[in-house]
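Colleague: My questions will all concern the structure given below.
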Number of protein chains: 2
Amino acid sequence: MSHKWVPNLSVDCVIFGFDADQLKVLLVERTLRTTDKKNIVFSDLSLTGYHIYEDEDLDSAAARIVKDLTGLDKLVLEQFYTFGSLDRLEHPNDKLWHEQFGDVFSHRVVTVGYFSLLPSTKVKIAQKDRVVRWYSVNEVQNMAFDHNQILEKALFHLRYKLQHDAIGLELLPDKFTLSQMQRLYEAVLGTSFDKRNFRKKVAQMNFVVPLKEKQHGVPHKPAQLYMFSRDIFMRTRKERPYFI
Amino acid sequence: MSHKWVPNLSVDCVIFGFDADQLKVLLVERTLRTTDKKNIVFSDLSLTGYHIYEDEDLDSAAARIVKDLTGLDKLVLEQFYTFGSLDRLEHPNDKLWHEQFGDVFSHRVVTVGYFSLLPSTKVKIAQKDRVVRWYSVNEVQNMAFDHNQILEKALFHLRYKLQHDAIGLELLPDKFTLSQMQRLYEAVLGTSFDKRNFRKKVAQMNFVVPLKEKQHGVPHKPAQLYMFSRDIFMRTRKERPYFI
DNA sequence: CCAAAAGTGTTAGACGTACACCCATGG
DNA sequence: CCATGGGTGTACGTCTAACACTTTTGG
């Protein structure tokens with residue numbers, strides 16, 4: 001791997017996570033300081049992205065970026081849209097930011113958007129030099145570059161995938177309860193479901209498998225735990241597309 | 001417009017058309033001749049694409065390419081996927097083709113795929129220097145570069161759009177019969193529908209509007225003509241997603 | 001024994017699917 | 001009058017949506 005990057009091509013990854021009852025997204029703080037490093041000019045948030053390398057294809061670049069940030073590989077990672085407006089890096093803050101690098105980014109950069117799903121509890125974020133945190137998707141505003149737009153489009157695709165591919169199960173921990181699953185669907189789709197009807201639907205999804213195990217130490221009736229069988233899902237996905 | 005193109009970024013347009021009962025795609029002949037121009041080294045087919053210009057965004061590049069080829073603007077034109085494998089231009093024929101241009105394309109080119117829909121009868125193809133024709137999507141094989149793969153992915157998106165956005169109506173002429181519409185859906189989705197059930201569905205789509213007009217000069221009972229009201233479609237699309 | 005979330009069935013209406021015959025026209 | 005595609009209704013089964021109470025645990 002040469003690590004010589006292509007100046008006008010990047011990949012941005014929208015890493016979604018789910019935690020208790022909120023849909024989260026993993027973001028990096030971008031802080032511009034004065035040259036003496038004493039004062040902050042501005043500070044905002046950006047998606048995790050980087051230029052692609054000359055000898056690396058798009059999917060690998062996305063996988064590398066996610067791996068570097070979370071330490072995880074083998075995530076669901078899917079390309080959803082490519083952004084190439086002429087003005088995508090033209091906000092005043094973005095220009096200041098680029099000046100820091102001697103203006104090497106002055107031309108238009110086309111970025112390929114990928115999204116990734118994982119239970120937010122799975123991640124040990126190990127970054128010394130950058131502040132990386134989970135943010136609730138509802139609370140993020142005024143991100144760097146055109147990243148609000150990219151997040152918006154990623155959300156749209158996530159909602160679609162959740163309804164057509166049942167892929168949202170990637171956002172849950174390995175063992176989960178049906179209530180957690182329902183809260184995930186409600187958080188992502190922004191609706192609410194009837195508990196009984198939701199469970200009837202799930203009962204038809206034979207890739208959601210009950211375990212011989214229940215919750216422990218909860219101050220109420222312990223719930224049945226389930227797992228997602230990727231295997232059964234792959235074998236039966238064609239017979240029937242599942243919707244909630 | 002500077003017309004200085006970006007060497008590692010292109011747009012490829014998959015232009016779908018529908019004609020009687022076949023789904024077609026507009027392709028360009030790519031013929032490599034020996035330097036004395038007397039003999040043909042090889043000849044195959046490619047999608048219509050070109051590099052983007054430095055001062056042009058992706059959507060505009062796609063619109064320009066379609067306009068140059070068909071003379072039409074204001075088409076449905078939608079980005080569907082971006083292709084950036086390292087080996088996408090590595091087939092022996094593709095290498096020979098590039099050598100013709102003194103190898104300027106020797107690095108990896110990332111291409112953004114767009115698809116476009118129109119009734120194939122609407123197009124007057126006006127190209128002196130290139131052979132451009134409609135081909136049935138079922139009959140095309142061994143296209144240039146990775147264009148088979150791009151067409152495959154475009155087809156997938158077309159099928160999806162047809163079922164979820166009723167956008168396939170763009171493929172029909174301004175006035176059409178319900179049988180034509182049914183043949184379109186059958187050709188694109190590769191299935192067949194019961195005539196009565198299909199018509200019941202269409203009856204629920206209030207953006208498919210009956211005209212005060214019938215077919216003329218057909219050797220059978222003349223069919224009611226319909227039009228697609230983009231206006232009604234836009235106003236009602238949120239209330240209910242339509243599927244066939 | 002209280003609070004908290006888990007778990008469970010029925011009914012009415014909408015929708016999907018299967019199926020066969022008569023109609024209007026041009027030649 | 002024949003060939004061709006246009007046009008129509010019904011019945012059955014499945015899916016959706018609305019709705020309320022009992023259970024099990026920890027504190």
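We name chains A, B, ... following the order of the structure tokens; residues begin at 1 in each chain, and ligands are numbered from 1 as shown.
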Set the distance at 9 Å and use only C-alpha atoms (C1' of nucleotides): which residues neighbour segment 18-22 of chain D once local chain neighbours fewer than 4 positions away are removed? I'd like the list as a short mmCIF file (atom, residue, chain, number, x, y, z; two decimals) with N, CA, C and O atoms (P, O5', C5', C4', C3', O3' and C1' of nucleotides), in the first residue's frame.
Modeller:
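Result file out-v2.cif:
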data_model
loop_
_atom_site.label_atom_id
_atom_site.label_comp_id
_atom_site.auth_asym_id
_atom_site.auth_seq_id
_atom_site.Cartn_x
_atom_site.Cartn_y
_atom_site.Cartn_z
N ASP A 194 -47.42 -0.98 17.39
CA ASP A 194 -48.13 -1.75 18.40
C ASP A 194 -47.29 -2.96 18.76
O ASP A 194 -46.82 -3.69 17.88
P DG C 7 -40.62 -11.33 26.72
"O5'" DG C 7 -42.16 -11.71 26.61
"C5'" DG C 7 -42.68 -12.73 27.46
"C4'" DG C 7 -44.18 -12.73 27.34
"C3'" DG C 7 -44.69 -12.95 25.91
"O3'" DG C 7 -45.38 -14.18 25.86
"C1'" DG C 7 -45.92 -11.29 27.06
P DT C 8 -45.66 -14.89 24.47
"O5'" DT C 8 -47.18 -15.39 24.55
"C5'" DT C 8 -47.93 -15.28 25.75
"C4'" DT C 8 -49.32 -14.75 25.46
"C3'" DT C 8 -49.83 -14.92 24.04
"O3'" DT C 8 -51.12 -15.51 24.09
"C1'" DT C 8 -50.20 -12.73 24.75
#
Colleague: Write out as a short mmCIF file (atom, residue, chain, number, x, y, z; two decimals) with C-alpha atoms, in the first residue's frame the residues lying within 9 Å of DG26 of chain D, counting only C-alpha atoms (C1' of nucleotides) and excluding same-chain residues fewer than 6 positions away.
Modeller:
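After the write, selection_19.cif holds the following:
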data_model
loop_
_atom_site.label_atom_id
_atom_site.label_comp_id
_atom_site.auth_asym_id
_atom_site.auth_seq_id
_atom_site.Cartn_x
_atom_site.Cartn_y
_atom_site.Cartn_z
CA GLY A 217 -31.05 -8.73 37.14
CA VAL A 218 -33.73 -6.55 35.64
CA PRO A 219 -36.33 -5.12 38.05
CA HIS A 220 -39.24 -6.57 36.10
#
Colleague: May I have the residues of chain B within 10 Å of chain A, counting only C-alpha atoms, written as a PDB file with C-alpha atoms, in the first residue's frame?
Modeller:
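Okay, this is what ended up in out.pdb:
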ATOM      1  CA  VAL B   6     -10.749  15.896 -14.771  1.00  0.00           C
ATOM      2  CA  ASN B   8      -9.698  10.494 -12.969  1.00  0.00           C
ATOM      3  CA  LEU B   9     -13.445  11.224 -12.787  1.00  0.00           C
ATOM      4  CA  GLU B  54     -13.357  20.949 -13.737  1.00  0.00           C
ATOM      5  CA  ASP B  55     -16.072  23.539 -13.228  1.00  0.00           C
ATOM      6  CA  GLU B  56     -19.076  21.237 -13.549  1.00  0.00           C
ATOM      7  CA  ASP B  57     -20.831  19.231 -10.888  1.00  0.00           C
ATOM      8  CA  LEU B  58     -21.810  15.586 -11.259  1.00  0.00           C
ATOM      9  CA  ASP B  59     -25.481  16.103 -12.065  1.00  0.00           C
ATOM     10  CA  SER B  60     -24.638  18.676 -14.728  1.00  0.00           C
ATOM     11  CA  GLN B  79     -27.335   8.849  -9.730  1.00  0.00           C
ATOM     12  CA  PHE B  80     -27.327   5.207  -8.717  1.00  0.00           C
ATOM     13  CA  TYR B  81     -23.808   4.031  -7.907  1.00  0.00           C
ATOM     14  CA  THR B  82     -20.130   4.900  -8.158  1.00  0.00           C
ATOM     15  CA  PHE B  83     -17.617   2.465  -9.585  1.00  0.00           C
ATOM     16  CA  GLY B  84     -13.974   2.670  -8.595  1.00  0.00           C
ATOM     17  CA  SER B  85     -12.327  -0.749  -8.694  1.00  0.00           C
ATOM     18  CA  LEU B  86      -8.668  -0.711  -9.536  1.00  0.00           C
ATOM     19  CA  ASP B  87      -9.200  -3.176 -12.361  1.00  0.00           C
ATOM     20  CA  HIS B 107      -4.569   5.573 -13.936  1.00  0.00           C
ATOM     21  CA  ARG B 108      -7.691   4.432 -12.209  1.00  0.00           C
ATOM     22  CA  VAL B 110     -13.734   6.511 -10.829  1.00  0.00           C
ATOM     23  CA  VAL B 112     -20.373   7.882 -11.273  1.00  0.00           C
ATOM     24  CA  GLY B 113     -23.322   6.013 -12.764  1.00  0.00           C
TER      25      GLY B 113
END
Colleague: Where does chain A meet chain D within 12 Å, residue by residue, with the nearest atom pair and distance in Å to one decimal for each, counting only C-alpha atoms (C1' of nucleotides), listed by chain and rising number, as a tab-separated table?
Modeller:
residue	atom	partner	partner_atom	distance
A:Phe193	CA	D:DA17	C1'	10.2
A:Asp194	CA	D:DA17	C1'	8.7
A:Lys195	CA	D:DC19	C1'	11.3
A:Arg196	CA	D:DC19	C1'	10.1
A:Asn197	CA	D:DA17	C1'	8.1
A:Phe198	CA	D:DA17	C1'	11.0
A:Lys200	CA	D:DT16	C1'	11.0
A:Lys201	CA	D:DC15	C1'	10.4
A:Lys214	CA	D:DT25	C1'	11.8
A:Gln215	CA	D:DT25	C1'	10.4
A:His216	CA	D:DT25	C1'	9.4
A:Gly217	CA	D:DG26	C1'	7.6
A:Val218	CA	D:DG26	C1'	6.9
A:Pro219	CA	D:DG26	C1'	4.2
A:His220	CA	D:DT25	C1'	4.2
A:Lys221	CA	D:DT24	C1'	4.1
A:Pro222	CA	D:DT25	C1'	6.6
A:Ala223	CA	D:DT24	C1'	9.6
A:Ile244	CA	D:DT16	C1'	10.9
Colleague: Enumerate, as number ranges by chain, the complete set of residues in segment 57-231 of chain A that a backbone-based DSSP assignment places in strand (DSSP E).
Modeller: A: 76-83, 110-119, 132-136, 208-214, 224-228
Colleague: Generate a file of the selected residues that holds N, CA, C and O atoms, formatted as a short mmCIF file (atom, residue, chain, number, x, y, z; two decimals), in the first residue's frame.
Modeller:
data_model
loop_
_atom_site.label_atom_id
_atom_site.label_comp_id
_atom_site.auth_asym_id
_atom_site.auth_seq_id
_atom_site.Cartn_x
_atom_site.Cartn_y
_atom_site.Cartn_z
N VAL A 76 -21.12 -4.21 8.24
CA VAL A 76 -21.93 -3.85 7.07
C VAL A 76 -21.43 -2.49 6.61
O VAL A 76 -21.31 -1.57 7.42
N LEU A 77 -21.13 -2.37 5.36
CA LEU A 77 -20.55 -1.13 4.87
C LEU A 77 -21.06 -0.98 3.46
O LEU A 77 -20.78 -1.80 2.60
N GLU A 78 -21.84 0.06 3.24
CA GLU A 78 -22.51 0.13 1.95
C GLU A 78 -22.45 1.52 1.36
O GLU A 78 -22.75 2.50 2.04
N GLN A 79 -22.08 1.58 0.12
CA GLN A 79 -22.05 2.85 -0.58
C GLN A 79 -23.47 3.36 -0.80
O GLN A 79 -24.35 2.58 -1.15
N PHE A 80 -23.73 4.64 -0.55
CA PHE A 80 -25.09 5.12 -0.76
C PHE A 80 -25.23 6.30 -1.71
O PHE A 80 -26.26 6.46 -2.34
N TYR A 81 -24.21 7.14 -1.85
CA TYR A 81 -24.34 8.27 -2.77
C TYR A 81 -22.99 8.94 -2.92
O TYR A 81 -22.13 8.85 -2.04
N THR A 82 -22.81 9.64 -4.04
CA THR A 82 -21.57 10.35 -4.29
C THR A 82 -21.85 11.83 -4.43
O THR A 82 -22.79 12.22 -5.12
N PHE A 83 -21.06 12.63 -3.74
CA PHE A 83 -21.30 14.06 -3.64
C PHE A 83 -20.20 14.81 -4.38
O PHE A 83 -19.02 14.60 -4.09
N VAL A 110 -14.54 15.20 -4.94
CA VAL A 110 -15.72 14.35 -5.01
C VAL A 110 -15.61 13.32 -3.90
O VAL A 110 -14.55 12.71 -3.74
N THR A 111 -16.67 13.16 -3.11
CA THR A 111 -16.60 12.19 -2.03
C THR A 111 -17.68 11.15 -2.17
O THR A 111 -18.82 11.46 -2.54
N VAL A 112 -17.29 9.90 -1.93
CA VAL A 112 -18.21 8.78 -2.03
C VAL A 112 -18.69 8.45 -0.62
O VAL A 112 -17.88 8.23 0.27
N GLY A 113 -20.00 8.48 -0.40
CA GLY A 113 -20.56 8.24 0.92
C GLY A 113 -20.82 6.76 1.16
O GLY A 113 -21.40 6.09 0.32
N TYR A 114 -20.39 6.28 2.32
CA TYR A 114 -20.66 4.90 2.74
C TYR A 114 -21.37 4.96 4.07
O TYR A 114 -21.11 5.88 4.85
N PHE A 115 -22.24 4.00 4.34
CA PHE A 115 -22.71 3.94 5.71
C PHE A 115 -22.47 2.57 6.29
O PHE A 115 -22.35 1.58 5.59
N SER A 116 -22.41 2.58 7.61
CA SER A 116 -22.01 1.41 8.36
C SER A 116 -22.88 1.34 9.60
O SER A 116 -23.31 2.36 10.11
N LEU A 117 -23.13 0.12 10.05
CA LEU A 117 -24.02 -0.07 11.19
C LEU A 117 -23.33 -0.90 12.25
O LEU A 117 -22.70 -1.90 11.94
N LEU A 118 -23.48 -0.50 13.47
CA LEU A 118 -23.01 -1.35 14.56
C LEU A 118 -23.64 -0.92 15.87
O LEU A 118 -24.09 0.21 16.00
N PRO A 119 -23.74 -1.85 16.86
CA PRO A 119 -24.26 -1.44 18.15
C PRO A 119 -23.23 -0.52 18.79
O PRO A 119 -22.05 -0.89 18.85
N VAL A 132 -13.39 11.80 19.17
CA VAL A 132 -14.40 11.06 18.43
C VAL A 132 -15.48 10.60 19.41
O VAL A 132 -15.15 9.99 20.43
N ARG A 133 -16.74 10.89 19.12
CA ARG A 133 -17.82 10.56 20.05
C ARG A 133 -19.07 10.18 19.28
O ARG A 133 -19.26 10.56 18.13
N TRP A 134 -19.99 9.50 19.99
CA TRP A 134 -21.33 9.24 19.47
C TRP A 134 -22.22 10.46 19.72
O TRP A 134 -22.22 11.00 20.82
N TYR A 135 -22.97 10.82 18.72
CA TYR A 135 -23.95 11.91 18.87
C TYR A 135 -25.31 11.38 18.42
O TYR A 135 -25.40 10.61 17.47
N SER A 136 -26.35 11.80 19.11
CA SER A 136 -27.69 11.45 18.67
C SER A 136 -27.95 12.13 17.33
O SER A 136 -27.66 13.32 17.16
N VAL A 208 -34.67 -14.26 13.03
CA VAL A 208 -34.58 -13.72 14.38
C VAL A 208 -34.87 -14.89 15.32
O VAL A 208 -36.00 -15.34 15.44
N VAL A 209 -33.81 -15.40 15.94
CA VAL A 209 -33.86 -16.70 16.60
C VAL A 209 -33.89 -16.55 18.11
O VAL A 209 -33.03 -15.87 18.69
N PRO A 210 -34.87 -17.17 18.79
CA PRO A 210 -34.89 -17.11 20.25
C PRO A 210 -33.77 -17.95 20.83
O PRO A 210 -33.47 -19.04 20.33
N LEU A 211 -33.14 -17.46 21.89
CA LEU A 211 -32.07 -18.19 22.56
C LEU A 211 -32.65 -18.88 23.79
O LEU A 211 -33.73 -18.53 24.27
N LYS A 212 -31.91 -19.84 24.34
CA LYS A 212 -32.35 -20.50 25.58
C LYS A 212 -31.84 -19.67 26.75
O LYS A 212 -31.10 -20.15 27.59
N GLU A 213 -32.19 -18.41 26.76
CA GLU A 213 -31.60 -17.51 27.73
C GLU A 213 -32.52 -16.32 27.93
O GLU A 213 -33.17 -15.87 26.99
N LYS A 214 -32.54 -15.81 29.17
CA LYS A 214 -33.34 -14.62 29.47
C LYS A 214 -32.46 -13.55 30.06
O LYS A 214 -31.33 -13.80 30.45
N GLN A 224 -37.13 -12.58 27.08
CA GLN A 224 -36.49 -13.57 26.21
C GLN A 224 -35.43 -12.86 25.38
O GLN A 224 -35.67 -11.77 24.87
N LEU A 225 -34.26 -13.51 25.25
CA LEU A 225 -33.23 -12.95 24.37
C LEU A 225 -33.27 -13.62 23.00
O LEU A 225 -33.61 -14.80 22.89
N TYR A 226 -32.93 -12.84 22.00
CA TYR A 226 -32.91 -13.32 20.62
C TYR A 226 -31.57 -13.01 19.98
O TYR A 226 -30.83 -12.15 20.44
N MET A 227 -31.28 -13.74 18.91
CA MET A 227 -30.12 -13.39 18.10
C MET A 227 -30.55 -13.29 16.64
O MET A 227 -31.60 -13.79 16.24
N PHE A 228 -29.70 -12.66 15.85
CA PHE A 228 -29.92 -12.52 14.42
C PHE A 228 -29.07 -13.56 13.71
O PHE A 228 -27.86 -13.58 13.86
#
Colleague: Under the rule that only C-alpha atoms (C1' of nucleotides) are counted, which of A:Thr191, A:Arg199, A:Ala62, A:Arg235 is the nearest residue to chain C?
Modeller: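 Looking only at the distances to chain C, the closest residue turns out to be A:Arg199.
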Colleague: Check the smallest atom-to-atom distance from each of B:Gln182, B:Ser10, B:Thr236, B:Gln204 to chain C using only C-alpha atoms (C1' of nucleotides), then report the winner.
Modeller: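 Result for the nearest residue to chain C: B:Gln204.
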Colleague: Report as a Markdown table: every residue of chain C with an atom at most 7 Å from chain A, its closest pair of atoms, and their distance in Å to one decimal, counting only C-alpha atoms (C1' of nucleotides), with rows sorted by chain and ascending residue number.
Modeller:
| residue | atom | partner | partner_atom | distance |
| --- | --- | --- | --- | --- |
| C:DA4 | C1' | A:His220 | CA | 5.5 |
| C:DA5 | C1' | A:His220 | CA | 5.8 |
| C:DA6 | C1' | A:Lys221 | CA | 5.7 |
Colleague: Return as an NGL selection string the full set of residues in segment 39-185 of chain A whose backbone-based DSSP assignment is helix (DSSP H, G or I).
Modeller: :A and (58-70 or 92-99 or 120-122 or 147-165 or 167-171 or 178-185)
Colleague: To one decimal place, how far is atom CA of Val188 of chain A from atom CA of Lys161 of chain A in Å?
Modeller: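 Atom CA of Val188 of chain A sits 10.6 Å away from atom CA of Lys161 of chain A.
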Colleague: Would you list the contacts of Val28 of chain A as a ChimeraX atom specification, taking every protein, DNA or RNA residue within 8 Å and counting only C-alpha atoms (C1' of nucleotides), but skipping same-chain residues closer than 2 positions in sequence?
Modeller: /A:26,30,45-48,130-133
Colleague: For the residues in that selection, give me all heavy atoms as a PDB file, in the first residue's frame.
Modeller:
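Okay, this is what ended up in out_16.pdb:
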ATOM      1  N   LEU A  26     -21.351   8.419  14.661  1.00  0.00           N
ATOM      2  CA  LEU A  26     -20.002   8.653  15.163  1.00  0.00           C
ATOM      3  C   LEU A  26     -19.374   9.837  14.425  1.00  0.00           C
ATOM      4  O   LEU A  26     -19.251   9.808  13.207  1.00  0.00           O
ATOM      5  CB  LEU A  26     -19.162   7.392  14.941  1.00  0.00           C
ATOM      6  CG  LEU A  26     -17.915   7.196  15.800  1.00  0.00           C
ATOM      7  CD1 LEU A  26     -18.256   7.159  17.278  1.00  0.00           C
ATOM      8  CD2 LEU A  26     -17.207   5.916  15.403  1.00  0.00           C
ATOM      9  N   ARG A  30     -13.716  18.838  14.822  1.00  0.00           N
ATOM     10  CA  ARG A  30     -12.750  19.553  13.981  1.00  0.00           C
ATOM     11  C   ARG A  30     -12.531  20.909  14.638  1.00  0.00           C
ATOM     12  O   ARG A  30     -13.447  21.731  14.696  1.00  0.00           O
ATOM     13  CB  ARG A  30     -13.350  19.715  12.583  1.00  0.00           C
ATOM     14  CG  ARG A  30     -12.506  20.584  11.660  1.00  0.00           C
ATOM     15  CD  ARG A  30     -13.114  20.697  10.284  1.00  0.00           C
ATOM     16  NE  ARG A  30     -14.192  21.664  10.216  1.00  0.00           N
ATOM     17  CZ  ARG A  30     -14.584  22.303   9.106  1.00  0.00           C
ATOM     18  NH1 ARG A  30     -14.008  22.031   7.946  1.00  0.00           N
ATOM     19  NH2 ARG A  30     -15.572  23.147   9.128  1.00  0.00           N
ATOM     20  N   LEU A  45     -18.200  19.673  13.998  1.00  0.00           N
ATOM     21  CA  LEU A  45     -18.172  18.215  13.888  1.00  0.00           C
ATOM     22  C   LEU A  45     -18.119  17.794  12.433  1.00  0.00           C
ATOM     23  O   LEU A  45     -18.681  18.456  11.567  1.00  0.00           O
ATOM     24  CB  LEU A  45     -19.434  17.627  14.520  1.00  0.00           C
ATOM     25  CG  LEU A  45     -19.597  17.883  16.016  1.00  0.00           C
ATOM     26  CD1 LEU A  45     -20.989  17.467  16.466  1.00  0.00           C
ATOM     27  CD2 LEU A  45     -18.528  17.123  16.787  1.00  0.00           C
ATOM     28  N   SER A  46     -17.445  16.674  12.185  1.00  0.00           N
ATOM     29  CA  SER A  46     -17.473  16.152  10.827  1.00  0.00           C
ATOM     30  C   SER A  46     -17.612  14.633  10.841  1.00  0.00           C
ATOM     31  O   SER A  46     -17.334  13.975  11.839  1.00  0.00           O
ATOM     32  CB  SER A  46     -16.216  16.553  10.063  1.00  0.00           C
ATOM     33  OG  SER A  46     -15.159  15.690  10.379  1.00  0.00           O
ATOM     34  N   LEU A  47     -18.038  14.095   9.721  1.00  0.00           N
ATOM     35  CA  LEU A  47     -18.060  12.655   9.527  1.00  0.00           C
ATOM     36  C   LEU A  47     -16.630  12.167   9.427  1.00  0.00           C
ATOM     37  O   LEU A  47     -15.694  12.953   9.260  1.00  0.00           O
ATOM     38  CB  LEU A  47     -18.796  12.314   8.227  1.00  0.00           C
ATOM     39  CG  LEU A  47     -20.269  12.702   8.186  1.00  0.00           C
ATOM     40  CD1 LEU A  47     -20.813  12.532   6.780  1.00  0.00           C
ATOM     41  CD2 LEU A  47     -21.064  11.832   9.160  1.00  0.00           C
ATOM     42  N   THR A  48     -16.477  10.867   9.488  1.00  0.00           N
ATOM     43  CA  THR A  48     -15.156  10.284   9.403  1.00  0.00           C
ATOM     44  C   THR A  48     -14.865   9.967   7.947  1.00  0.00           C
ATOM     45  O   THR A  48     -15.513   9.135   7.344  1.00  0.00           O
ATOM     46  CB  THR A  48     -15.122   8.988  10.209  1.00  0.00           C
ATOM     47  OG1 THR A  48     -16.072   8.098   9.643  1.00  0.00           O
ATOM     48  CG2 THR A  48     -15.505   9.262  11.641  1.00  0.00           C
ATOM     49  N   ARG A 130      -7.526  12.872  18.085  1.00  0.00           N
ATOM     50  CA  ARG A 130      -8.789  13.478  17.699  1.00  0.00           C
ATOM     51  C   ARG A 130      -9.885  13.090  18.684  1.00  0.00           C
ATOM     52  O   ARG A 130      -9.866  11.999  19.241  1.00  0.00           O
ATOM     53  CB  ARG A 130      -9.207  13.015  16.294  1.00  0.00           C
ATOM     54  CG  ARG A 130      -8.264  13.523  15.219  1.00  0.00           C
ATOM     55  CD  ARG A 130      -8.866  13.349  13.846  1.00  0.00           C
ATOM     56  NE  ARG A 130      -9.032  11.941  13.499  1.00  0.00           N
ATOM     57  CZ  ARG A 130      -9.623  11.538  12.362  1.00  0.00           C
ATOM     58  NH1 ARG A 130     -10.112  12.424  11.519  1.00  0.00           N
ATOM     59  NH2 ARG A 130      -9.722  10.260  12.101  1.00  0.00           N
ATOM     60  N   VAL A 131     -10.855  13.985  18.854  1.00  0.00           N
ATOM     61  CA  VAL A 131     -11.986  13.679  19.714  1.00  0.00           C
ATOM     62  C   VAL A 131     -13.086  13.054  18.870  1.00  0.00           C
ATOM     63  O   VAL A 131     -13.622  13.682  17.963  1.00  0.00           O
ATOM     64  CB  VAL A 131     -12.509  14.950  20.408  1.00  0.00           C
ATOM     65  CG1 VAL A 131     -13.637  14.585  21.376  1.00  0.00           C
ATOM     66  CG2 VAL A 131     -11.385  15.665  21.141  1.00  0.00           C
ATOM     67  N   VAL A 132     -13.390  11.800  19.175  1.00  0.00           N
ATOM     68  CA  VAL A 132     -14.403  11.058  18.427  1.00  0.00           C
ATOM     69  C   VAL A 132     -15.475  10.598  19.409  1.00  0.00           C
ATOM     70  O   VAL A 132     -15.150   9.994  20.426  1.00  0.00           O
ATOM     71  CB  VAL A 132     -13.785   9.829  17.727  1.00  0.00           C
ATOM     72  CG1 VAL A 132     -14.810   9.127  16.869  1.00  0.00           C
ATOM     73  CG2 VAL A 132     -12.580  10.235  16.896  1.00  0.00           C
ATOM     74  N   ARG A 133     -16.736  10.893  19.117  1.00  0.00           N
ATOM     75  CA  ARG A 133     -17.819  10.555  20.046  1.00  0.00           C
ATOM     76  C   ARG A 133     -19.072  10.185  19.278  1.00  0.00           C
ATOM     77  O   ARG A 133     -19.256  10.556  18.132  1.00  0.00           O
ATOM     78  CB  ARG A 133     -18.177  11.790  20.900  1.00  0.00           C
ATOM     79  CG  ARG A 133     -17.254  12.091  22.032  1.00  0.00           C
ATOM     80  CD  ARG A 133     -18.065  12.635  23.242  1.00  0.00           C
ATOM     81  NE  ARG A 133     -18.808  13.859  22.979  1.00  0.00           N
ATOM     82  CZ  ARG A 133     -20.152  13.950  23.058  1.00  0.00           C
ATOM     83  NH1 ARG A 133     -20.883  12.890  23.344  1.00  0.00           N
ATOM     84  NH2 ARG A 133     -20.756  15.108  22.832  1.00  0.00           N
TER      85      ARG A 133
END
